[in-house]
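Report on the structure given below.
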Amino acid sequence: MIVKTVGRSQENNIVINDGKVSRTHLQMVQDDNGNVSIIDLGSTNGTYVNGIRITGETHLKASDEVRIGNTILPWQGYFPPQQASIPVDPITPSPTPKPNRNLKWVFIVGGALLVLLIAGGVLLSVNNNLDNKKKEEQERIEKEKQNEEIIKAKTEDYTNLNKKKEQAEQEKNAAEAAQAKAEQESVAAKAATAKAEQDRVAAKAAQAKAEQESVAAKAAQAKAEQESVAAKAAKATAEQEKNAAVAKAEQAKKEAEQAKKDAEEKAKAAENSKDAAVKKAAADAKKEAEKKATAAEQARKDAEAKAKTLENAKKNAEAKADAAEKAQKAAETKAKAAEQAKKDAEAKAKAAEQAKKDAEKALDLTKDFYEQLNKANRKNKLAAVCKALDISERGNEEAQYERIEKEFYKAKDNATRDDIIKKVKKAI
């Protein structure tokens with residue numbers, strides 16, 4: 001009887017590298033008559049014969065298919081074909097005839113010779129049988145070795161096939177995950193590009209507004225300068241008119257005083273004179289002088305009033321000039337602020353334009369990175385890529401894939417991302 005166990009553990013007679021196979025999954029037994037039966041040893045995922053899950057001991061036919069996990073067991077090759085034992089034919093000596101007395105010595109000698117011949121034949125037969133048994137045993141051992149090698153080769157083939165299936169599944173899952181992640185990154189990059197475009201448009205609008213405000217501020221500044229010049233001119237005109245009015249009033253006063261003085265002298269002279277005509281002329285001159293004095297006084301008062309008016313006009317002109325000066329300074333300040341706002345808007349527009357270009361470049365680099373990474377995965381070059389990026393090569397391909405991804409997303413600028421892609425291409 002031959003007993004073999006099957007499972008993932010190295011302690012089993014037959015080791016199956018399948019994640020859905022238990023450590024000690026089942027037991028297979030071949031009895032002395034060559035019949036094979038299997039017993040599930042309480043595995044997690046069960047044992048299936050021809051697609052039906054078994055319970056307890058199940059006898060197998062040569063055509064039965066046994067599956068555990070994702071593996072089809074080539075169980076027919078796990079046991080050598082049953083050898084039938086070759087019995088040794090017993091040699092029965094021929095009965096010795098009873099000799100006659102006369103031929104006693106002849107029969108004794110003949111019997112002795114016959115016994116010797118029979119003994120030699122028996123020994124020869126036994127020796128041949130032993131040789132045959134030894135040869136058959138050697139052939140059986142050799143065949144068992146061959147069967148074990150066949151079983152081992154088939155097991156390795158099935159194991160490699162399962163490994164390839166698992167690897168293909170992992171690659172498929174990794175590719176799908178990478179595709180999903182790349183799509184997410186693409187959506188994020190497109191959103192960043194759209195935002196950069198919005199920022200660029202807003203910056204352009206701000207730049208245009210700042211330009212308008214700058215033009216308006218310069219116009220206000222020019223207007224303030226014109227008003228300041230006009231106010232200064234009005235101030236100068238009022239000053240001139242005031243001075244002229246004061247001078248004219250002063251002149252009229254002097255003339256009136258002189259006329260009064262002359263009239264008084266004439267009046268005195270007329271008083272000493274007895275001529276009536278002279279007296280009359282002096283009286284008339286005095287009246288005329290008084291009129292002139294009154295007119296001069298009125299002119300003086302008018303000049304003073306006009307001087308006050310002109311003084312007020314001067315003050316108003318000064319106030320207007322001050323206001324114009326202040327307006328000019330405010331316009332200059334506003335113009336400077338508008339100019340600075342224009343420069344800021346231009347800088348912001350340039351930054352937004354650069355941000356848009358960076359976002360588009362990042363999107364292209366992300367697509368290129370995943371193309372190269374999946375290419376490295378298909379060519380089993382992930383370990384070489386890890387080495388090129390100076391990161392750990394430990395673990396399986398999935399772990400290496402994730403570490404390479406993390407290294408790419410650690411990059412803070414497109415130049416670093418481009419450098420990583422170049423290293424990946426060189427490693428492939």
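By convention in this document, the chains of the structure tokens carry letters A, B, ... by their order, each chain's residues are numbered from 1, and ligands are numbered from 1 in the order they are shown.
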Quiz item: Please, which residues of stretch 366-396 of chain A, numbered as in this document, come out helix (DSSP H, G or I) from DSSP, as a list in words?
Solution: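 After running DSSP on the backbone, stretch 366-396 of chain A has helix (DSSP H, G or I) at Thr366, Lys367, Asp368, Phe369, Tyr370, Glu371, Gln372, Leu373, Asn374, Lys375, Ala376, Asn377, Arg378, Leu382, Ala383, Ala384, Val385, Cys386, Lys387 and Ala388 of chain A.
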What would the file look like if the residues just selected were written as a PDB file, in the first residue's frame with N, CA, C and O atoms?
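Final output, part02.pdb:
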```
ATOM      1  N   THR A 366       2.605  61.738 -17.253  1.00  0.00           N
ATOM      2  CA  THR A 366       1.919  60.654 -16.541  1.00  0.00           C
ATOM      3  C   THR A 366       1.548  59.527 -17.503  1.00  0.00           C
ATOM      4  O   THR A 366       1.744  58.341 -17.208  1.00  0.00           O
ATOM      5  N   LYS A 367       1.026  59.891 -18.670  1.00  0.00           N
ATOM      6  CA  LYS A 367       0.688  58.877 -19.672  1.00  0.00           C
ATOM      7  C   LYS A 367       1.937  58.110 -20.112  1.00  0.00           C
ATOM      8  O   LYS A 367       1.928  56.874 -20.193  1.00  0.00           O
ATOM      9  N   ASP A 368       3.018  58.839 -20.388  1.00  0.00           N
ATOM     10  CA  ASP A 368       4.265  58.204 -20.817  1.00  0.00           C
ATOM     11  C   ASP A 368       4.811  57.292 -19.723  1.00  0.00           C
ATOM     12  O   ASP A 368       5.301  56.187 -20.000  1.00  0.00           O
ATOM     13  N   PHE A 369       4.709  57.748 -18.450  1.00  0.00           N
ATOM     14  CA  PHE A 369       5.221  56.946 -17.332  1.00  0.00           C
ATOM     15  C   PHE A 369       4.514  55.592 -17.261  1.00  0.00           C
ATOM     16  O   PHE A 369       5.160  54.538 -17.138  1.00  0.00           O
ATOM     17  N   TYR A 370       3.175  55.591 -17.344  1.00  0.00           N
ATOM     18  CA  TYR A 370       2.444  54.329 -17.239  1.00  0.00           C
ATOM     19  C   TYR A 370       2.687  53.420 -18.448  1.00  0.00           C
ATOM     20  O   TYR A 370       2.716  52.194 -18.321  1.00  0.00           O
ATOM     21  N   GLU A 371       2.907  54.013 -19.613  1.00  0.00           N
ATOM     22  CA  GLU A 371       3.248  53.189 -20.771  1.00  0.00           C
ATOM     23  C   GLU A 371       4.573  52.467 -20.541  1.00  0.00           C
ATOM     24  O   GLU A 371       4.689  51.255 -20.793  1.00  0.00           O
ATOM     25  N   GLN A 372       5.561  53.205 -20.043  1.00  0.00           N
ATOM     26  CA  GLN A 372       6.877  52.607 -19.801  1.00  0.00           C
ATOM     27  C   GLN A 372       6.838  51.618 -18.636  1.00  0.00           C
ATOM     28  O   GLN A 372       7.483  50.560 -18.682  1.00  0.00           O
ATOM     29  N   LEU A 373       6.056  51.947 -17.578  1.00  0.00           N
ATOM     30  CA  LEU A 373       5.978  51.059 -16.415  1.00  0.00           C
ATOM     31  C   LEU A 373       5.327  49.732 -16.789  1.00  0.00           C
ATOM     32  O   LEU A 373       5.799  48.649 -16.399  1.00  0.00           O
ATOM     33  N   ASN A 374       4.239  49.768 -17.544  1.00  0.00           N
ATOM     34  CA  ASN A 374       3.582  48.531 -17.975  1.00  0.00           C
ATOM     35  C   ASN A 374       4.466  47.743 -18.935  1.00  0.00           C
ATOM     36  O   ASN A 374       4.466  46.501 -18.933  1.00  0.00           O
ATOM     37  N   LYS A 375       5.233  48.460 -19.741  1.00  0.00           N
ATOM     38  CA  LYS A 375       6.184  47.788 -20.639  1.00  0.00           C
ATOM     39  C   LYS A 375       7.248  47.053 -19.825  1.00  0.00           C
ATOM     40  O   LYS A 375       7.598  45.902 -20.122  1.00  0.00           O
ATOM     41  N   ALA A 376       7.751  47.713 -18.766  1.00  0.00           N
ATOM     42  CA  ALA A 376       8.742  47.076 -17.887  1.00  0.00           C
ATOM     43  C   ALA A 376       8.142  45.863 -17.183  1.00  0.00           C
ATOM     44  O   ALA A 376       8.807  44.839 -17.003  1.00  0.00           O
ATOM     45  N   ASN A 377       6.870  45.956 -16.803  1.00  0.00           N
ATOM     46  CA  ASN A 377       6.191  44.840 -16.136  1.00  0.00           C
ATOM     47  C   ASN A 377       6.068  43.647 -17.073  1.00  0.00           C
ATOM     48  O   ASN A 377       6.309  42.503 -16.679  1.00  0.00           O
ATOM     49  N   ARG A 378       5.696  43.924 -18.334  1.00  0.00           N
ATOM     50  CA  ARG A 378       5.564  42.826 -19.306  1.00  0.00           C
ATOM     51  C   ARG A 378       6.907  42.166 -19.591  1.00  0.00           C
ATOM     52  O   ARG A 378       6.963  40.957 -19.846  1.00  0.00           O
ATOM     53  N   LEU A 382      10.894  45.094 -13.719  1.00  0.00           N
ATOM     54  CA  LEU A 382      10.572  45.977 -12.598  1.00  0.00           C
ATOM     55  C   LEU A 382      11.723  46.076 -11.604  1.00  0.00           C
ATOM     56  O   LEU A 382      11.983  47.142 -11.047  1.00  0.00           O
ATOM     57  N   ALA A 383      12.397  44.932 -11.354  1.00  0.00           N
ATOM     58  CA  ALA A 383      13.537  44.951 -10.422  1.00  0.00           C
ATOM     59  C   ALA A 383      14.639  45.857 -10.957  1.00  0.00           C
ATOM     60  O   ALA A 383      15.257  46.619 -10.204  1.00  0.00           O
ATOM     61  N   ALA A 384      14.888  45.794 -12.279  1.00  0.00           N
ATOM     62  CA  ALA A 384      15.901  46.654 -12.885  1.00  0.00           C
ATOM     63  C   ALA A 384      15.510  48.124 -12.773  1.00  0.00           C
ATOM     64  O   ALA A 384      16.354  48.991 -12.542  1.00  0.00           O
ATOM     65  N   VAL A 385      14.222  48.414 -12.909  1.00  0.00           N
ATOM     66  CA  VAL A 385      13.746  49.790 -12.773  1.00  0.00           C
ATOM     67  C   VAL A 385      13.949  50.280 -11.333  1.00  0.00           C
ATOM     68  O   VAL A 385      14.387  51.411 -11.103  1.00  0.00           O
ATOM     69  N   CYS A 386      13.617  49.415 -10.357  1.00  0.00           N
ATOM     70  CA  CYS A 386      13.834  49.778  -8.944  1.00  0.00           C
ATOM     71  C   CYS A 386      15.297  50.109  -8.691  1.00  0.00           C
ATOM     72  O   CYS A 386      15.626  51.075  -8.007  1.00  0.00           O
ATOM     73  N   LYS A 387      16.172  49.286  -9.267  1.00  0.00           N
ATOM     74  CA  LYS A 387      17.607  49.514  -9.092  1.00  0.00           C
ATOM     75  C   LYS A 387      18.019  50.838  -9.728  1.00  0.00           C
ATOM     76  O   LYS A 387      18.808  51.598  -9.153  1.00  0.00           O
ATOM     77  N   ALA A 388      17.475  51.125 -10.919  1.00  0.00           N
ATOM     78  CA  ALA A 388      17.811  52.376 -11.602  1.00  0.00           C
ATOM     79  C   ALA A 388      17.339  53.593 -10.821  1.00  0.00           C
ATOM     80  O   ALA A 388      17.980  54.646 -10.835  1.00  0.00           O
TER      81      ALA A 388
END
```
Pick out the residues sitting within 7 Å of A:Asp18, and hand them over as a CSV table (one decimal) with all heavy atoms, in the first residue's frame; count only C-alpha atoms, and ignore anything fewer than 4 positions along from it in its own chain.
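part.csv written:
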```csv
chain,number,residue,atom,x,y,z
A,8,ARG,N,0.0,22.6,0.0
A,8,ARG,CA,1.0,23.7,-0.2
A,8,ARG,C,2.2,23.5,0.6
A,8,ARG,O,3.3,24.0,0.3
A,8,ARG,CB,0.3,25.0,0.1
A,8,ARG,CG,-0.6,25.6,-1.0
A,8,ARG,CD,-1.0,27.0,-0.7
A,8,ARG,NE,-1.7,27.2,0.5
A,8,ARG,CZ,-1.3,27.8,1.6
A,8,ARG,NH1,-0.1,28.3,1.6
A,8,ARG,NH2,-2.1,27.9,2.7
A,69,GLY,N,-8.4,23.7,-5.6
A,69,GLY,CA,-8.1,25.1,-5.9
A,69,GLY,C,-8.3,25.4,-7.4
A,69,GLY,O,-9.3,25.0,-8.0
A,70,ASN,N,-7.2,25.9,-8.0
A,70,ASN,CA,-7.2,26.2,-9.4
A,70,ASN,C,-6.4,25.1,-10.2
A,70,ASN,O,-6.0,25.3,-11.3
A,70,ASN,CB,-6.6,27.6,-9.7
A,70,ASN,CG,-7.5,28.7,-9.2
A,70,ASN,OD1,-8.7,28.6,-9.3
A,70,ASN,ND2,-6.9,29.7,-8.7
```
Quiz item: Smallest atom-to-atom distance to A:Ala427: which of A:Leu389, A:Val229, A:Ala256, A:Ala349, using only C-alpha atoms?
Solution: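 Closest candidate: A:Leu389.
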Find the residues near A:Arg403: any atom within 9 Å, counting only C-alpha atoms, skip ones fewer than 4 places away on the same chain, and give them as a short mmCIF file (atom, residue, chain, number, x, y, z; two decimals) with N, CA, C and O atoms, in the first residue's frame.
```cif
data_model
loop_
_atom_site.label_atom_id
_atom_site.label_comp_id
_atom_site.auth_asym_id
_atom_site.auth_seq_id
_atom_site.Cartn_x
_atom_site.Cartn_y
_atom_site.Cartn_z
N CYS A 386 13.62 49.41 -10.36
CA CYS A 386 13.83 49.78 -8.94
C CYS A 386 15.30 50.11 -8.69
O CYS A 386 15.63 51.08 -8.01
N ILE A 391 15.71 52.44 -5.42
CA ILE A 391 14.72 52.09 -4.41
C ILE A 391 14.77 50.58 -4.19
O ILE A 391 15.38 49.85 -4.98
N SER A 392 14.11 50.09 -3.13
CA SER A 392 14.18 48.68 -2.74
C SER A 392 13.63 47.77 -3.85
O SER A 392 12.61 48.07 -4.48
N GLU A 393 14.34 46.63 -4.07
CA GLU A 393 13.90 45.64 -5.06
C GLU A 393 13.17 44.48 -4.39
O GLU A 393 12.78 43.53 -5.06
N GLU A 398 4.23 43.02 -7.80
CA GLU A 398 3.20 43.98 -7.41
C GLU A 398 3.77 45.02 -6.45
O GLU A 398 3.51 46.22 -6.59
N ALA A 399 4.58 44.54 -5.47
CA ALA A 399 5.20 45.47 -4.51
C ALA A 399 6.18 46.40 -5.22
O ALA A 399 6.24 47.60 -4.93
N GLU A 407 7.39 56.49 -6.14
CA GLU A 407 8.57 57.29 -6.45
C GLU A 407 8.22 58.36 -7.49
O GLU A 407 8.68 59.51 -7.40
N PHE A 408 7.39 57.99 -8.46
CA PHE A 408 6.99 58.95 -9.51
C PHE A 408 6.14 60.06 -8.92
O PHE A 408 6.33 61.24 -9.24
#
```
Quiz item: Looking at A:Lys315, A:Glu225, A:Ala277, A:Glu397, which one is nearest to A:Ala330, with distances taken over only C-alpha atoms?
Solution: A:Glu225
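Each of A:Asn243, A:Ser43, A:Gln328, A:Gln251 was checked against A:Gly56 using only C-alpha atoms; the smallest atom-to-atom distance is that of A:Ser43.
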Exercise. Write out as a VMD selection string all residues of stretch 11-63 of chain A that DSSP puts in strand (DSSP E or B) for this structure's backbone.
Key: chain A and resid 14 to 15 26 to 30 36 to 40 47 to 49 52 to 53 57 to 59
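Atom CA of A:Glu136 sits 29.5 Å away from atom CA of A:Leu116.
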Exercise. Can you pull out every residue within 12 Å of A:Ile39, counting only C-alpha atoms, but drop anything in the same chain fewer than 4 positions away, and send it as a PyMOL selection string?
Key: chain A and resi 3-6+24-30+43+46-49+53-60+66
Quiz item: So how many Å separate atom CA of A:Arg140 and atom CA of A:Asp31, to one decimal?
Solution: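 It comes out at 16.8 Å.
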Self-check item: Neighbour list for A:Ala192 as a count of residues only, cut-off 12 Å, only C-alpha atoms, skip fewer than 2 positions in-chain
Solution: 25
Self-check item: Top pick for closest residue to A:Gly34, considering A:Leu130, A:Val15, A:Val215, A:Met1 and counting only C-alpha atoms
Solution: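 Closest to A:Gly34, using only C-alpha atoms: A:Met1.
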Quiz prompt | Proximity to A:Val36 - best of A:Glu239, A:Glu402, A:Asp64, A:Glu346, only C-alpha atoms | solution =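 Nearest candidate to A:Val36 out of A:Glu239, A:Glu402, A:Asp64, A:Glu346: A:Asp64.
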